[in-house]
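Reproduced below: model04.txt, with compact mmCIF, N, CA and C atoms.
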# COMPACT_ATOMS: atom_id res chain seq x y z
N MET A 367 85.07 59.36 83.96
CA MET A 367 85.70 60.28 84.90
C MET A 367 87.20 60.29 84.62
N SER A 368 87.79 61.46 84.69
CA SER A 368 89.23 61.56 84.46
C SER A 368 89.99 61.29 85.75
N GLU A 369 91.27 61.03 85.62
CA GLU A 369 92.10 60.77 86.80
C GLU A 369 92.37 62.07 87.55
N SER A 370 92.89 61.93 88.75
CA SER A 370 93.17 63.07 89.61
C SER A 370 94.23 63.99 89.01
N ALA A 371 94.04 65.27 89.19
CA ALA A 371 95.04 66.26 88.79
C ALA A 371 96.24 66.24 89.72
N LEU A 372 96.17 65.48 90.82
CA LEU A 372 97.28 65.39 91.76
C LEU A 372 98.37 64.42 91.30
N VAL A 373 98.14 63.72 90.19
CA VAL A 373 99.11 62.73 89.69
C VAL A 373 100.39 63.43 89.26
N ASP A 374 101.53 62.93 89.78
CA ASP A 374 102.85 63.43 89.41
C ASP A 374 103.52 62.53 88.38
N ILE A 375 103.20 61.23 88.43
CA ILE A 375 103.86 60.22 87.59
C ILE A 375 102.79 59.26 87.09
N THR A 376 102.89 58.85 85.84
CA THR A 376 102.01 57.81 85.30
C THR A 376 102.87 56.62 84.89
N MET A 377 102.61 55.48 85.52
CA MET A 377 103.32 54.22 85.20
C MET A 377 102.26 53.13 85.20
N LEU A 378 101.61 52.92 84.06
CA LEU A 378 100.47 52.02 84.00
C LEU A 378 100.86 50.57 84.19
N SER A 379 100.08 49.89 85.02
CA SER A 379 100.30 48.49 85.35
C SER A 379 99.46 47.60 84.43
N PRO A 380 100.03 46.47 83.99
CA PRO A 380 99.24 45.50 83.23
C PRO A 380 98.33 44.67 84.15
N ASN A 381 98.49 44.82 85.44
CA ASN A 381 97.77 44.01 86.43
C ASN A 381 96.45 44.66 86.79
N ASN A 382 95.42 44.35 86.00
CA ASN A 382 94.09 44.88 86.25
C ASN A 382 93.09 43.97 85.54
N SER A 383 91.82 44.17 85.86
CA SER A 383 90.76 43.34 85.25
C SER A 383 89.94 44.09 84.22
N GLY A 384 90.44 45.19 83.74
CA GLY A 384 89.68 45.98 82.77
C GLY A 384 88.58 46.77 83.45
N LYS A 385 87.53 47.05 82.72
CA LYS A 385 86.43 47.88 83.22
C LYS A 385 85.82 47.33 84.50
N ARG A 386 85.45 48.23 85.38
CA ARG A 386 84.79 47.85 86.63
C ARG A 386 83.42 47.25 86.36
N LYS A 387 82.96 46.39 87.27
CA LYS A 387 81.63 45.77 87.17
C LYS A 387 80.59 46.53 87.99
N TYR A 388 81.04 47.39 88.92
CA TYR A 388 80.12 48.11 89.81
C TYR A 388 80.47 49.59 89.84
N THR A 389 79.54 50.38 90.33
CA THR A 389 79.74 51.81 90.52
C THR A 389 80.77 52.03 91.63
N LEU A 390 81.55 53.07 91.49
CA LEU A 390 82.51 53.43 92.53
C LEU A 390 81.79 53.93 93.77
N THR A 391 82.05 53.29 94.89
CA THR A 391 81.43 53.71 96.16
C THR A 391 82.44 53.73 97.30
N ARG A 392 83.70 53.41 97.02
CA ARG A 392 84.69 53.27 98.09
C ARG A 392 86.04 53.83 97.68
N ILE A 393 86.81 54.14 98.69
CA ILE A 393 88.24 54.43 98.55
C ILE A 393 88.93 53.48 99.52
N THR A 394 89.89 52.74 99.03
CA THR A 394 90.59 51.77 99.88
C THR A 394 92.08 52.09 99.94
N PRO A 395 92.54 52.70 101.04
CA PRO A 395 93.98 52.88 101.23
C PRO A 395 94.61 51.55 101.68
N HIS A 396 95.83 51.33 101.28
CA HIS A 396 96.55 50.11 101.64
C HIS A 396 98.01 50.48 101.88
N CYS A 397 98.63 49.88 102.88
CA CYS A 397 100.03 50.20 103.18
C CYS A 397 100.97 49.30 102.36
N THR A 398 102.08 49.88 101.95
CA THR A 398 103.09 49.13 101.21
C THR A 398 103.91 48.22 102.12
N ALA A 399 103.92 48.53 103.40
CA ALA A 399 104.76 47.84 104.39
C ALA A 399 106.24 48.02 104.08
N VAL A 400 106.55 49.08 103.36
CA VAL A 400 107.93 49.49 103.09
C VAL A 400 107.90 50.97 102.73
N ASN A 401 108.90 51.69 103.15
CA ASN A 401 108.96 53.14 102.97
C ASN A 401 109.65 53.44 101.63
N ILE A 402 108.85 53.56 100.55
CA ILE A 402 109.40 53.72 99.20
C ILE A 402 108.78 54.92 98.47
N SER A 403 109.41 55.29 97.37
CA SER A 403 108.96 56.43 96.58
C SER A 403 107.78 56.05 95.69
N ALA A 404 107.11 57.07 95.16
CA ALA A 404 106.01 56.84 94.23
C ALA A 404 106.52 56.13 92.98
N TYR A 405 107.68 56.53 92.50
CA TYR A 405 108.24 55.88 91.30
C TYR A 405 108.46 54.39 91.55
N ARG A 406 108.95 54.04 92.72
CA ARG A 406 109.20 52.63 93.05
C ARG A 406 107.88 51.85 93.14
N ILE A 407 106.84 52.46 93.68
CA ILE A 407 105.52 51.82 93.71
C ILE A 407 105.10 51.51 92.27
N GLY A 408 105.24 52.47 91.38
CA GLY A 408 104.91 52.27 89.98
C GLY A 408 105.72 51.14 89.35
N GLU A 409 107.01 51.11 89.64
CA GLU A 409 107.87 50.03 89.11
C GLU A 409 107.40 48.65 89.57
N ILE A 410 107.09 48.53 90.84
CA ILE A 410 106.67 47.25 91.40
C ILE A 410 105.42 46.74 90.69
N PHE A 411 104.46 47.61 90.45
CA PHE A 411 103.20 47.17 89.86
C PHE A 411 103.25 47.06 88.33
N GLN A 412 104.36 47.43 87.71
CA GLN A 412 104.52 47.19 86.28
C GLN A 412 104.93 45.74 86.01
N ASN A 413 105.37 45.04 87.04
CA ASN A 413 105.80 43.65 86.91
C ASN A 413 104.57 42.74 86.83
N LYS A 414 104.37 42.06 85.70
CA LYS A 414 103.22 41.17 85.51
C LYS A 414 103.21 40.02 86.52
N GLN A 415 104.37 39.56 86.92
CA GLN A 415 104.44 38.44 87.86
C GLN A 415 104.06 38.82 89.28
N ARG A 416 103.96 40.11 89.55
CA ARG A 416 103.58 40.58 90.88
C ARG A 416 102.12 40.25 91.18
N ASN A 417 101.26 40.22 90.14
CA ASN A 417 99.83 39.95 90.31
C ASN A 417 99.18 40.86 91.35
N ALA A 418 99.58 42.11 91.33
CA ALA A 418 99.02 43.10 92.25
C ALA A 418 99.13 44.47 91.58
N SER A 419 98.28 45.40 92.03
CA SER A 419 98.33 46.76 91.51
C SER A 419 97.49 47.65 92.42
N CYS A 420 97.39 48.89 92.02
CA CYS A 420 96.53 49.86 92.71
C CYS A 420 96.14 50.90 91.68
N ASN A 421 95.13 51.69 91.99
CA ASN A 421 94.80 52.80 91.10
C ASN A 421 95.85 53.90 91.25
N TYR A 422 96.13 54.26 92.50
CA TYR A 422 97.13 55.29 92.79
C TYR A 422 98.10 54.77 93.84
N GLY A 423 99.30 55.33 93.82
CA GLY A 423 100.27 55.08 94.88
C GLY A 423 100.77 56.43 95.38
N ILE A 424 101.02 56.49 96.68
CA ILE A 424 101.61 57.69 97.28
C ILE A 424 102.93 57.27 97.92
N GLY A 425 104.01 57.85 97.44
CA GLY A 425 105.33 57.49 97.94
C GLY A 425 105.77 58.31 99.12
N ASN A 426 106.91 57.91 99.70
CA ASN A 426 107.48 58.64 100.84
C ASN A 426 107.93 60.04 100.43
N ASP A 427 108.00 60.30 99.12
CA ASP A 427 108.32 61.62 98.59
C ASP A 427 107.06 62.48 98.43
N CYS A 428 105.90 61.92 98.86
CA CYS A 428 104.59 62.58 98.79
C CYS A 428 104.13 62.85 97.35
N LYS A 429 104.69 62.12 96.41
CA LYS A 429 104.23 62.19 95.03
C LYS A 429 103.19 61.10 94.80
N VAL A 430 102.33 61.34 93.81
CA VAL A 430 101.26 60.41 93.47
C VAL A 430 101.57 59.78 92.12
N VAL A 431 101.52 58.44 92.08
CA VAL A 431 101.70 57.71 90.83
C VAL A 431 100.37 57.07 90.43
N LEU A 432 99.99 57.21 89.17
CA LEU A 432 98.82 56.54 88.62
C LEU A 432 99.28 55.21 88.05
N CYS A 433 98.71 54.10 88.55
CA CYS A 433 99.07 52.76 88.08
C CYS A 433 97.95 52.11 87.27
N VAL A 434 96.71 52.29 87.69
CA VAL A 434 95.55 51.74 86.98
C VAL A 434 94.50 52.85 86.91
N PRO A 435 94.03 53.20 85.71
CA PRO A 435 93.01 54.26 85.59
C PRO A 435 91.79 53.96 86.47
N GLU A 436 91.15 55.01 86.94
CA GLU A 436 90.01 54.89 87.84
C GLU A 436 88.87 54.07 87.25
N SER A 437 88.74 54.04 85.96
CA SER A 437 87.65 53.29 85.32
C SER A 437 87.89 51.78 85.33
N MET A 438 89.08 51.37 85.77
CA MET A 438 89.45 49.96 85.74
C MET A 438 89.67 49.40 87.15
N ARG A 439 89.44 48.09 87.28
CA ARG A 439 89.61 47.40 88.57
C ARG A 439 91.08 47.03 88.77
N SER A 440 91.65 47.57 89.85
CA SER A 440 93.01 47.18 90.24
C SER A 440 92.96 45.86 91.03
N TRP A 441 94.12 45.33 91.34
CA TRP A 441 94.23 44.10 92.15
C TRP A 441 94.94 44.47 93.45
N CYS A 442 94.22 45.09 94.36
CA CYS A 442 94.85 45.66 95.55
C CYS A 442 94.44 45.01 96.86
N SER A 443 93.14 44.83 97.07
CA SER A 443 92.66 44.48 98.42
C SER A 443 92.39 42.99 98.63
N SER A 444 92.70 42.16 97.65
CA SER A 444 92.40 40.72 97.72
C SER A 444 90.90 40.44 97.81
N SER A 445 90.11 41.40 97.35
CA SER A 445 88.65 41.24 97.33
C SER A 445 88.12 41.71 95.98
N TYR A 446 87.59 40.77 95.21
CA TYR A 446 87.04 41.09 93.89
C TYR A 446 85.97 42.18 94.01
N ASP A 447 85.03 41.99 94.94
CA ASP A 447 83.95 42.96 95.11
C ASP A 447 84.46 44.33 95.51
N ASN A 448 85.38 44.37 96.47
CA ASN A 448 85.91 45.66 96.90
C ASN A 448 86.67 46.36 95.78
N ASP A 449 87.57 45.64 95.12
CA ASP A 449 88.36 46.28 94.07
C ASP A 449 87.50 46.76 92.90
N ASN A 450 86.34 46.15 92.69
CA ASN A 450 85.42 46.62 91.66
C ASN A 450 84.67 47.87 92.09
N ARG A 451 84.61 48.14 93.37
CA ARG A 451 83.86 49.30 93.90
C ARG A 451 84.76 50.43 94.39
N ALA A 452 86.06 50.17 94.51
CA ALA A 452 86.96 51.11 95.20
C ALA A 452 88.03 51.68 94.29
N ILE A 453 88.36 52.93 94.54
CA ILE A 453 89.62 53.47 94.05
C ILE A 453 90.63 53.08 95.12
N THR A 454 91.65 52.35 94.71
CA THR A 454 92.62 51.82 95.66
C THR A 454 93.89 52.68 95.64
N ILE A 455 94.41 52.91 96.83
CA ILE A 455 95.57 53.79 96.98
C ILE A 455 96.61 53.11 97.85
N GLU A 456 97.73 52.76 97.25
CA GLU A 456 98.85 52.14 97.97
C GLU A 456 99.69 53.26 98.56
N CYS A 457 99.93 53.21 99.87
CA CYS A 457 100.63 54.29 100.56
C CYS A 457 101.91 53.80 101.21
N ALA A 458 103.01 54.49 100.94
CA ALA A 458 104.29 54.15 101.56
C ALA A 458 104.12 54.20 103.08
N SER A 459 104.70 53.22 103.76
CA SER A 459 104.54 53.12 105.20
C SER A 459 105.79 52.53 105.84
N LEU A 460 105.80 52.56 107.15
CA LEU A 460 106.87 51.87 107.86
C LEU A 460 106.72 50.37 107.64
N ASN A 461 107.80 49.63 107.85
CA ASN A 461 107.74 48.20 107.55
C ASN A 461 107.49 47.32 108.77
N THR A 462 107.04 47.93 109.86
CA THR A 462 106.68 47.16 111.05
C THR A 462 105.29 47.59 111.52
N HIS A 463 104.61 46.67 112.19
CA HIS A 463 103.27 46.93 112.70
C HIS A 463 103.29 48.16 113.59
N PRO A 464 102.42 49.11 113.44
CA PRO A 464 101.16 49.09 112.70
C PRO A 464 101.27 49.66 111.28
N TYR A 465 102.45 49.63 110.65
CA TYR A 465 102.66 50.07 109.27
C TYR A 465 102.19 51.52 109.05
N GLU A 466 102.65 52.36 109.93
CA GLU A 466 102.24 53.76 109.98
C GLU A 466 102.65 54.53 108.73
N PHE A 467 101.74 55.38 108.24
CA PHE A 467 102.05 56.31 107.15
C PHE A 467 102.78 57.51 107.76
N MET A 468 103.77 58.03 107.08
CA MET A 468 104.44 59.25 107.51
C MET A 468 103.44 60.41 107.34
N PRO A 469 103.60 61.48 108.13
CA PRO A 469 102.65 62.59 108.05
C PRO A 469 102.43 63.13 106.64
N GLY A 470 103.47 63.29 105.84
CA GLY A 470 103.32 63.80 104.48
C GLY A 470 102.51 62.87 103.59
N VAL A 471 102.72 61.55 103.76
CA VAL A 471 101.95 60.56 102.99
C VAL A 471 100.49 60.61 103.41
N TYR A 472 100.25 60.67 104.71
CA TYR A 472 98.88 60.75 105.22
C TYR A 472 98.18 62.01 104.70
N ASN A 473 98.87 63.14 104.74
CA ASN A 473 98.28 64.40 104.27
C ASN A 473 97.95 64.32 102.78
N LYS A 474 98.84 63.71 101.99
CA LYS A 474 98.58 63.56 100.56
C LYS A 474 97.41 62.61 100.33
N LEU A 475 97.28 61.56 101.16
CA LEU A 475 96.14 60.64 101.07
C LEU A 475 94.84 61.40 101.31
N VAL A 476 94.80 62.23 102.34
CA VAL A 476 93.60 63.02 102.62
C VAL A 476 93.28 63.94 101.44
N GLU A 477 94.30 64.59 100.89
CA GLU A 477 94.11 65.49 99.75
C GLU A 477 93.55 64.71 98.54
N LEU A 478 94.08 63.51 98.30
CA LEU A 478 93.60 62.69 97.18
C LEU A 478 92.17 62.22 97.42
N CYS A 479 91.85 61.84 98.65
CA CYS A 479 90.48 61.42 98.99
C CYS A 479 89.49 62.57 98.77
N VAL A 480 89.86 63.76 99.18
CA VAL A 480 89.00 64.94 98.98
C VAL A 480 88.80 65.17 97.48
N ASP A 481 89.86 65.07 96.71
CA ASP A 481 89.77 65.24 95.26
C ASP A 481 88.82 64.21 94.64
N ILE A 482 88.95 62.95 95.04
CA ILE A 482 88.09 61.89 94.52
C ILE A 482 86.63 62.15 94.88
N CYS A 483 86.39 62.48 96.15
CA CYS A 483 85.01 62.75 96.59
C CYS A 483 84.39 63.91 95.82
N ARG A 484 85.15 64.95 95.60
CA ARG A 484 84.63 66.10 94.84
C ARG A 484 84.30 65.71 93.41
N ARG A 485 85.20 64.98 92.75
CA ARG A 485 84.97 64.61 91.36
C ARG A 485 83.81 63.64 91.18
N TYR A 486 83.54 62.82 92.20
CA TYR A 486 82.42 61.87 92.13
C TYR A 486 81.19 62.37 92.89
N ASN A 487 81.22 63.64 93.31
CA ASN A 487 80.10 64.28 93.99
C ASN A 487 79.66 63.50 95.24
N LYS A 488 80.63 63.03 96.00
CA LYS A 488 80.36 62.34 97.27
C LYS A 488 80.39 63.38 98.39
N LYS A 489 79.38 63.34 99.24
CA LYS A 489 79.23 64.36 100.28
C LYS A 489 79.90 64.00 101.60
N ARG A 490 80.21 62.69 101.79
CA ARG A 490 80.88 62.30 103.03
C ARG A 490 81.75 61.09 102.77
N LEU A 491 82.72 60.93 103.65
CA LEU A 491 83.64 59.80 103.56
C LEU A 491 83.67 59.13 104.93
N LEU A 492 83.33 57.87 104.97
CA LEU A 492 83.24 57.11 106.21
C LEU A 492 84.47 56.24 106.36
N TRP A 493 85.16 56.33 107.50
CA TRP A 493 86.34 55.51 107.77
C TRP A 493 85.93 54.30 108.60
N ILE A 494 86.27 53.11 108.13
CA ILE A 494 86.03 51.87 108.87
C ILE A 494 87.39 51.20 109.04
N SER A 495 87.86 51.11 110.27
CA SER A 495 89.22 50.62 110.51
C SER A 495 89.34 49.10 110.47
N ASP A 496 88.27 48.39 110.72
CA ASP A 496 88.31 46.93 110.71
C ASP A 496 88.13 46.41 109.28
N LYS A 497 89.12 45.67 108.77
CA LYS A 497 89.10 45.23 107.37
C LYS A 497 87.87 44.39 107.04
N LYS A 498 87.52 43.42 107.88
CA LYS A 498 86.37 42.56 107.59
C LYS A 498 85.07 43.35 107.51
N THR A 499 84.91 44.28 108.43
CA THR A 499 83.71 45.11 108.44
C THR A 499 83.70 46.02 107.21
N ALA A 500 84.84 46.60 106.88
CA ALA A 500 84.92 47.51 105.74
C ALA A 500 84.60 46.79 104.43
N LEU A 501 85.11 45.58 104.27
CA LEU A 501 84.88 44.85 103.03
C LEU A 501 83.44 44.41 102.86
N LYS A 502 82.70 44.27 103.97
CA LYS A 502 81.29 43.88 103.92
C LYS A 502 80.35 45.07 103.81
N TYR A 503 80.86 46.28 104.03
CA TYR A 503 80.01 47.47 104.10
C TYR A 503 79.27 47.71 102.79
N LYS A 504 77.98 47.99 102.88
CA LYS A 504 77.17 48.33 101.69
C LYS A 504 76.71 49.76 101.80
Would you put the structure from the file into structure tokens?
Amino acid sequence: MSESALVDITMLSPNNSGKRKYTLTRITPHCTAVNISAYRIGEIFQNKQRNASCNYGIGNDCKVVLCVPESMRSWCSSSYDNDNRAITIECASLNTHPYEFMPGVYNKLVELCVDICRRYNKKRLLWISDKKTALKYK
């Protein structure tokens, strides 16, 4: 599968596990806990010492950065199983609880999720707000 046509910037991260071990069945958004641009998200995940990455990042400028190709496992959710099954999307957010996404970032996240679902022929997208429940979902 090719990457999203919504990508504005490509800054590939060395922080990944190579090819996925499982079929893609999830999309996992994650907050940056800081209000930064897509380019800055890409810069952060290019650092090998960071030991973290994502497939896509959405910055406060509403641009999308590709960090790890969809065919590869990113290091985003602290869950081996989840990261092998999910396209992970790091989203610029406020830096205080509840780490809210700005409306433009949220809208771009929805647009990217729709694009992913269409390309993988997924007919519905289920939102699970509780992290423990979401990570266990089959």
Is there a way to get, as a ChimeraX atom specification, all residues within 6 Å of the point (95.9, 51.1, 96.8) in file coordinates, counting only C-alpha atoms? /A:395-396,420,422,442,454-456
By how many Å are atom N of His463 of chain A and atom N of Lys504 of chain A apart?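 Result for atom N of His463 of chain A versus atom N of Lys504 of chain A: 28.2 Å, one decimal.
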Pick from A:Ile453, A:Ala371, A:Val431, A:Ala500, whichever lies nearest to Ile407 of chain A using all atoms listed in the file: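 Among A:Ile453, A:Ala371, A:Val431, A:Ala500, it is A:Val431 that comes nearest to Ile407 of chain A.
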With only N, CA and C atoms as the counted atoms, please give the residues lying no more than 7 Å from segment 467-471 of chain A, apart from itself and same-chain residues fewer than 2 positions off, as a PyMOL selection string. chain A and resi 424-428+457-460+464-465+473-476
Point-to-point distance in Å for atom CA of Cys433 of chain A and atom CA of Arg406 of chain A: 11.3 Å
